[in-house]
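Next up, target.cif (mmCIF, C-alpha atoms):
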```cif
data_upload
#
loop_
_atom_site.group_PDB
_atom_site.id
_atom_site.type_symbol
_atom_site.label_atom_id
_atom_site.label_comp_id
_atom_site.auth_asym_id
_atom_site.auth_seq_id
_atom_site.Cartn_x
_atom_site.Cartn_y
_atom_site.Cartn_z
ATOM 1 C CA MET A 8 18.167 14.249 24.465
ATOM 2 C CA CYS A 9 14.459 14.550 23.780
ATOM 3 C CA ASN A 10 15.104 16.602 20.614
ATOM 4 C CA GLU A 11 17.649 14.171 19.210
ATOM 5 C CA MET A 12 17.166 13.402 15.508
ATOM 6 C CA PRO A 13 16.893 9.757 14.370
ATOM 7 C CA ARG A 14 20.218 9.813 12.521
ATOM 8 C CA GLU A 15 21.990 11.196 15.597
ATOM 9 C CA LYS A 16 20.259 8.613 17.788
ATOM 10 C CA LEU A 17 21.398 5.855 15.428
ATOM 11 C CA LEU A 18 24.994 7.030 15.598
ATOM 12 C CA ARG A 19 24.860 7.192 19.393
ATOM 13 C CA LEU A 20 22.909 4.035 20.227
ATOM 14 C CA GLY A 21 22.850 1.889 17.095
ATOM 15 C CA ALA A 22 20.049 1.084 14.651
ATOM 16 C CA GLU A 23 18.403 -1.412 17.012
ATOM 17 C CA ALA A 24 17.494 1.442 19.396
ATOM 18 C CA LEU A 25 15.331 3.231 16.808
ATOM 19 C CA LYS A 26 11.588 2.854 16.397
ATOM 20 C CA ASN A 27 10.209 1.906 12.987
ATOM 21 C CA GLU A 28 9.301 5.484 12.063
ATOM 22 C CA GLU A 29 12.775 6.652 13.070
ATOM 23 C CA LEU A 30 14.445 4.012 10.906
ATOM 24 C CA LEU A 31 12.193 4.936 8.000
ATOM 25 C CA SER A 32 13.041 8.630 8.383
ATOM 26 C CA VAL A 33 16.730 7.731 8.051
ATOM 27 C CA VAL A 34 15.985 5.765 4.874
ATOM 28 C CA LEU A 35 13.857 8.594 3.400
ATOM 29 C CA GLY A 36 16.362 11.327 4.220
ATOM 30 C CA THR A 37 14.082 14.309 3.514
ATOM 31 C CA GLY A 38 10.450 15.327 3.703
ATOM 32 C CA TYR A 39 8.538 17.510 1.239
ATOM 33 C CA ASN A 40 6.738 20.850 0.941
ATOM 34 C CA GLY A 41 7.128 21.931 4.553
ATOM 35 C CA LYS A 42 6.548 18.461 6.010
ATOM 36 C CA ASP A 43 9.641 17.250 7.836
ATOM 37 C CA VAL A 44 10.948 13.757 7.198
ATOM 38 C CA PHE A 45 10.067 12.407 10.652
ATOM 39 C CA THR A 46 6.418 13.496 10.312
ATOM 40 C CA LEU A 47 6.293 11.871 6.881
ATOM 41 C CA ALA A 48 7.869 8.678 8.218
ATOM 42 C CA ARG A 49 5.433 8.554 11.147
ATOM 43 C CA GLU A 50 2.434 8.965 8.813
ATOM 44 C CA LEU A 51 3.715 6.270 6.437
ATOM 45 C CA THR A 52 4.412 3.843 9.286
ATOM 46 C CA LYS A 53 0.866 4.330 10.560
ATOM 47 C CA ALA A 54 -0.638 3.960 7.074
ATOM 48 C CA TYR A 55 1.436 0.845 6.296
ATOM 49 C CA PRO A 56 1.938 -0.992 9.619
ATOM 50 C CA ASP A 57 4.166 -4.026 10.194
ATOM 51 C CA GLY A 58 6.568 -3.118 7.416
ATOM 52 C CA GLY A 59 3.856 -3.022 4.760
ATOM 53 C CA LEU A 60 5.548 -0.125 2.978
ATOM 54 C CA PHE A 61 8.576 -2.299 2.233
ATOM 55 C CA ARG A 62 6.398 -4.953 0.597
ATOM 56 C CA LEU A 63 4.949 -2.573 -1.991
ATOM 57 C CA PRO A 64 6.303 -2.772 -5.562
ATOM 58 C CA TYR A 65 8.318 0.183 -6.841
ATOM 59 C CA LYS A 66 5.475 1.341 -9.098
ATOM 60 C CA ASP A 67 3.085 1.729 -6.149
ATOM 61 C CA LEU A 68 5.727 3.277 -3.901
ATOM 62 C CA SER A 69 6.580 5.986 -6.412
ATOM 63 C CA LYS A 70 2.931 7.138 -6.498
ATOM 64 C CA ILE A 71 2.729 7.823 -2.751
ATOM 65 C CA LYS A 72 2.831 11.519 -1.906
ATOM 66 C CA GLY A 73 6.118 12.421 -0.313
ATOM 67 C CA ILE A 74 8.035 9.467 -1.747
ATOM 68 C CA GLY A 75 8.349 9.793 -5.527
ATOM 69 C CA PRO A 76 10.756 7.897 -7.812
ATOM 70 C CA ALA A 77 14.031 8.524 -5.942
ATOM 71 C CA LYS A 78 12.794 7.574 -2.465
ATOM 72 C CA ALA A 79 10.845 4.648 -3.941
ATOM 73 C CA ALA A 80 14.065 3.327 -5.436
ATOM 74 C CA THR A 81 15.829 3.601 -2.056
ATOM 75 C CA ILE A 82 13.005 1.810 -0.214
ATOM 76 C CA SER A 83 12.796 -0.926 -2.869
ATOM 77 C CA ALA A 84 16.552 -1.481 -2.725
ATOM 78 C CA ALA A 85 16.554 -1.684 1.087
ATOM 79 C CA ALA A 86 13.625 -4.129 1.054
ATOM 80 C CA GLU A 87 15.225 -6.355 -1.583
ATOM 81 C CA LEU A 88 18.548 -6.386 0.264
ATOM 82 C CA GLY A 89 16.768 -7.519 3.427
ATOM 83 C CA ARG A 90 14.920 -10.277 1.553
ATOM 84 C CA ARG A 91 18.139 -11.514 -0.047
ATOM 85 C CA CYS A 92 19.961 -11.590 3.281
ATOM 86 C CA ILE A 93 17.207 -13.715 4.800
ATOM 87 C CA ALA A 94 16.900 -15.951 1.738
ATOM 88 C CA GLY A 95 20.645 -16.416 1.718
ATOM 89 C CA GLY A 96 20.622 -17.706 5.265
ATOM 90 C CA SER A 97 22.240 -14.622 6.793
ATOM 91 C CA TYR A 98 20.007 -14.836 9.840
ATOM 92 C CA PRO A 99 21.509 -17.279 12.365
ATOM 93 C CA PRO A 100 19.607 -20.492 13.174
ATOM 94 C CA VAL A 101 17.012 -20.255 15.928
ATOM 95 C CA THR A 102 18.210 -22.516 18.726
ATOM 96 C CA LYS A 103 16.257 -21.095 21.674
ATOM 97 C CA PRO A 104 13.255 -18.801 22.233
ATOM 98 C CA SER A 105 15.416 -15.783 23.049
ATOM 99 C CA ASP A 106 16.811 -15.845 19.490
ATOM 100 C CA ILE A 107 13.437 -14.536 18.277
ATOM 101 C CA LEU A 108 13.047 -11.826 20.930
ATOM 102 C CA PRO A 109 15.082 -9.092 19.168
ATOM 103 C CA ILE A 110 12.827 -9.414 16.124
ATOM 104 C CA VAL A 111 9.625 -8.963 18.129
ATOM 105 C CA ALA A 112 10.952 -6.321 20.519
ATOM 106 C CA GLU A 113 8.908 -3.595 18.810
ATOM 107 C CA TYR A 114 5.672 -5.400 19.723
ATOM 108 C CA ARG A 115 6.277 -5.277 23.490
ATOM 109 C CA PHE A 116 4.478 -1.966 23.928
ATOM 110 C CA ARG A 117 1.695 -2.347 21.357
ATOM 111 C CA LYS A 118 -1.748 -1.546 22.765
ATOM 112 C CA LYS A 119 -3.389 -4.373 20.805
ATOM 113 C CA GLU A 120 -2.387 -8.008 20.550
ATOM 114 C CA ASN A 121 -0.423 -8.818 17.394
ATOM 115 C CA PHE A 122 -0.012 -12.449 16.310
ATOM 116 C CA ILE A 123 3.177 -12.947 14.306
ATOM 117 C CA VAL A 124 4.279 -16.106 12.539
ATOM 118 C CA PHE A 125 7.929 -16.830 11.750
ATOM 119 C CA TYR A 126 8.562 -19.250 8.896
ATOM 120 C CA LEU A 127 11.768 -21.294 9.158
ATOM 121 C CA ASN A 128 13.697 -23.488 6.753
ATOM 122 C CA GLY A 129 15.114 -26.922 7.534
ATOM 123 C CA ARG A 130 18.152 -25.339 9.211
ATOM 124 C CA ASN A 131 15.889 -23.375 11.582
ATOM 125 C CA GLN A 132 16.719 -20.075 9.886
ATOM 126 C CA VAL A 133 13.963 -17.485 9.526
ATOM 127 C CA ILE A 134 12.774 -17.229 5.918
ATOM 128 C CA CYS A 135 10.218 -14.491 6.584
ATOM 129 C CA SER A 136 7.554 -13.445 9.064
ATOM 130 C CA GLU A 137 3.976 -12.189 8.846
ATOM 131 C CA CYS A 138 1.568 -10.546 11.270
ATOM 132 C CA VAL A 139 -1.606 -12.558 10.689
ATOM 133 C CA SER A 140 -3.943 -10.819 13.124
ATOM 134 C CA VAL A 141 -4.326 -7.723 15.272
ATOM 135 C CA GLY A 142 -6.727 -7.716 18.205
ATOM 136 C CA THR A 143 -7.667 -9.963 21.114
ATOM 137 C CA LEU A 144 -6.845 -13.512 20.069
ATOM 138 C CA ASN A 145 -9.653 -15.915 19.264
ATOM 139 C CA ALA A 146 -10.217 -18.749 16.823
ATOM 140 C CA SER A 147 -11.833 -16.509 14.188
ATOM 141 C CA LEU A 148 -8.855 -14.121 14.092
ATOM 142 C CA VAL A 149 -6.132 -16.775 13.975
ATOM 143 C CA HIS A 150 -7.166 -19.362 11.394
ATOM 144 C CA PRO A 151 -4.895 -22.218 10.238
ATOM 145 C CA ARG A 152 -5.437 -21.150 6.638
ATOM 146 C CA GLU A 153 -3.896 -17.695 7.189
ATOM 147 C CA VAL A 154 -1.090 -19.175 9.288
ATOM 148 C CA PHE A 155 0.005 -22.044 7.054
ATOM 149 C CA GLU A 156 -0.686 -20.728 3.537
ATOM 150 C CA PRO A 157 2.536 -18.647 3.599
ATOM 151 C CA ALA A 158 4.393 -21.623 5.102
ATOM 152 C CA ILE A 159 3.446 -23.768 2.117
ATOM 153 C CA ARG A 160 4.237 -20.948 -0.312
ATOM 154 C CA HIS A 161 7.708 -20.419 1.196
ATOM 155 C CA LEU A 162 8.390 -24.162 1.592
ATOM 156 C CA ALA A 163 8.874 -23.680 5.327
ATOM 157 C CA ALA A 164 9.819 -26.664 7.460
ATOM 158 C CA GLY A 165 8.631 -25.148 10.718
ATOM 159 C CA VAL A 166 6.922 -22.154 12.281
ATOM 160 C CA ILE A 167 7.214 -20.168 15.498
ATOM 161 C CA PHE A 168 4.331 -18.074 16.803
ATOM 162 C CA ALA A 169 4.669 -14.942 18.888
ATOM 163 C CA HIS A 170 2.135 -12.498 20.239
ATOM 164 C CA ASN A 171 2.219 -9.670 22.740
ATOM 165 C CA HIS A 172 0.140 -9.182 25.872
ATOM 166 C CA PRO A 173 -0.528 -5.435 26.293
ATOM 167 C CA SER A 174 -1.161 -6.029 29.993
ATOM 168 C CA GLY A 175 2.465 -7.098 30.395
ATOM 169 C CA ASP A 176 1.416 -10.397 31.995
ATOM 170 C CA CYS A 177 2.861 -13.283 29.963
ATOM 171 C CA THR A 178 0.556 -15.934 31.452
ATOM 172 C CA PRO A 179 -1.229 -17.739 28.568
ATOM 173 C CA SER A 180 -4.999 -17.450 28.481
ATOM 174 C CA GLU A 181 -7.320 -20.369 27.746
ATOM 175 C CA ASP A 182 -7.724 -18.982 24.212
ATOM 176 C CA ASP A 183 -3.933 -18.821 23.802
ATOM 177 C CA ILE A 184 -3.618 -22.490 24.766
ATOM 178 C CA GLU A 185 -6.565 -23.625 22.652
ATOM 179 C CA ILE A 186 -5.431 -21.718 19.547
ATOM 180 C CA THR A 187 -1.918 -23.097 19.890
ATOM 181 C CA LYS A 188 -3.207 -26.682 20.192
ATOM 182 C CA ARG A 189 -5.401 -26.165 17.135
ATOM 183 C CA LEU A 190 -2.486 -24.818 15.090
ATOM 184 C CA VAL A 191 -0.134 -27.582 16.248
ATOM 185 C CA ASP A 192 -2.691 -30.181 15.104
ATOM 186 C CA ALA A 193 -3.135 -28.406 11.754
ATOM 187 C CA GLY A 194 0.616 -28.201 11.227
ATOM 188 C CA ARG A 195 1.014 -31.883 12.016
ATOM 189 C CA LEU A 196 -1.512 -32.762 9.303
ATOM 190 C CA ILE A 197 0.425 -30.921 6.611
ATOM 191 C CA GLY A 198 3.890 -31.800 7.847
ATOM 192 C CA ILE A 199 4.941 -28.389 9.204
ATOM 193 C CA GLU A 200 6.175 -28.435 12.789
ATOM 194 C CA VAL A 201 5.145 -25.773 15.292
ATOM 195 C CA LEU A 202 8.436 -25.199 17.108
ATOM 196 C CA ASP A 203 7.252 -22.750 19.761
ATOM 197 C CA HIS A 204 4.786 -20.052 20.721
ATOM 198 C CA LEU A 205 6.104 -17.031 22.578
ATOM 199 C CA ILE A 206 4.036 -14.592 24.601
ATOM 200 C CA ILE A 207 5.801 -11.249 24.798
ATOM 201 C CA GLY A 208 5.389 -8.856 27.709
ATOM 202 C CA GLN A 209 6.977 -5.505 28.430
ATOM 203 C CA HIS A 210 9.604 -7.047 30.681
ATOM 204 C CA GLY A 211 9.798 -10.696 29.709
ATOM 205 C CA TYR A 212 8.376 -13.599 27.749
ATOM 206 C CA LEU A 213 6.877 -17.051 28.098
ATOM 207 C CA SER A 214 7.794 -19.981 25.847
ATOM 208 C CA PHE A 215 5.179 -22.690 25.340
ATOM 209 C CA LYS A 216 8.033 -25.085 24.517
ATOM 210 C CA GLU A 217 9.933 -24.328 27.705
ATOM 211 C CA LYS A 218 6.753 -24.676 29.780
ATOM 212 C CA GLY A 219 5.883 -28.026 28.208
ATOM 213 C CA LEU A 220 2.712 -26.653 26.583
ATOM 214 C CA ILE A 221 3.777 -27.846 23.114
#
```
Write out the structure in this file as structure tokens.
Amino acid sequence: MCNEMPREKLLRLGAEALKNEELLSVVLGTGYNGKDVFTLARELTKAYPDGGLFRLPYKDLSKIKGIGPAKAATISAAAELGRRCIAGGSYPPVTKPSDILPIVAEYRFRKKENFIVFYLNGRNQVICSECVSVGTLNASLVHPREVFEPAIRHLAAGVIFAHNHPSGDCTPSEDDIEITKRLVDAGRLIGIEVLDHLIIGQHGYLSFKEKGLI
């Protein structure tokens, strides 16, 4: 089924089986001027990684070539619906590391390390998430300011970190351990608990909490 279209794939396997560009092509519906919708979706996903397209205001969306007013309205509506579902507590409470894994599944096969922060309310429900760095982790790339500023803005009670290891090996490096300790200490100072740090590999994960590293 190598020529299967995203909509057909969704109907056969469910939305969770689709890549980001495939999901976006379903939302867009059509391409423009000889450019098919999947090519357009792939280009937009590359230009606006980590869901950046869905964070743009309608005015900016409507100016992007290939989107226009109608598609911009659809994207804005889908983004707002997702935000309201999360804000309304529709996402179940995080009770164990594996609860986060479906959300970070797309990062398993990334060729660069991505450091994602999940911001949780007092009921351990995800409020939102942000990718705060891309590249090999070190102290200059993952700074407490970038990690905790959104937490304060969203009135988060706790945070969970996750990052992928392109090698597939989930063993934490010395930098991973040092950065986590630094962020735990920073969170303690401002009253925001670091609940866990997950390292994601292609075929598994490691939880700092489960390993007693936090």
Need the shell around region 163-173 of chain A: protein/DNA/RNA residues with any atom at most 6 Å away, counting all atoms listed in the file. Skip same-chain ones fewer than 4 positions apart. Format as a PDB file with C-alpha atoms, keeping the file's coordinate frame?
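Result file part18.pdb:
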```
ATOM      1  CA  LYS A 118      -1.748  -1.546  22.765  1.00  0.00           C
ATOM      2  CA  GLU A 120      -2.387  -8.008  20.550  1.00  0.00           C
ATOM      3  CA  ASN A 121      -0.423  -8.818  17.394  1.00  0.00           C
ATOM      4  CA  PHE A 122      -0.012 -12.449  16.310  1.00  0.00           C
ATOM      5  CA  ILE A 123       3.177 -12.947  14.306  1.00  0.00           C
ATOM      6  CA  VAL A 124       4.279 -16.106  12.539  1.00  0.00           C
ATOM      7  CA  PHE A 125       7.929 -16.830  11.750  1.00  0.00           C
ATOM      8  CA  TYR A 126       8.562 -19.250   8.896  1.00  0.00           C
ATOM      9  CA  LEU A 127      11.768 -21.294   9.158  1.00  0.00           C
ATOM     10  CA  ASN A 128      13.697 -23.488   6.753  1.00  0.00           C
ATOM     11  CA  GLY A 129      15.114 -26.922   7.534  1.00  0.00           C
ATOM     12  CA  ALA A 158       4.393 -21.623   5.102  1.00  0.00           C
ATOM     13  CA  ILE A 199       4.941 -28.389   9.204  1.00  0.00           C
ATOM     14  CA  GLU A 200       6.175 -28.435  12.789  1.00  0.00           C
ATOM     15  CA  VAL A 201       5.145 -25.773  15.292  1.00  0.00           C
ATOM     16  CA  LEU A 202       8.436 -25.199  17.108  1.00  0.00           C
ATOM     17  CA  ASP A 203       7.252 -22.750  19.761  1.00  0.00           C
ATOM     18  CA  HIS A 204       4.786 -20.052  20.721  1.00  0.00           C
ATOM     19  CA  LEU A 205       6.104 -17.031  22.578  1.00  0.00           C
ATOM     20  CA  ILE A 206       4.036 -14.592  24.601  1.00  0.00           C
ATOM     21  CA  ILE A 207       5.801 -11.249  24.798  1.00  0.00           C
ATOM     22  CA  GLY A 208       5.389  -8.856  27.709  1.00  0.00           C
TER      23      GLY A 208
END
```
For this session: Check what the PyMOL selection byres ((chain A and resi 101-115) around 6) selects in the file above and give those residues as a PyMOL selection string.
Result: chain A and resi 100+116-117+131+208-209
Let me have the centre and edge lengths of the axis-aligned box enclosing all listed atoms of region 167-180 of chain A with 4 Å padding on every side, in Å to one decimal, as lines of an AutoDock Vina configuration file.
```
center_x = 1.1
center_y = -12.8
center_z = 23.7
size_x = 20.2
size_y = 22.7
size_z = 24.5
```
For this session: Give me the residues within 12 Å of region 71-75 of chain A as an NGL selection string, counting only C-alpha atoms and dropping any in the same chain fewer than 3 places off.
Result: :A and (31-32 or 34-48 or 50-51 or 54-55 or 60 or 63-68 or 78-83)
Exercise. Mind pulling up the distance from CA of Arg152 (chain A) to CA of Val139 (chain A)?
Worked result: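 Here the two named atoms are 10.2 Å from each other.
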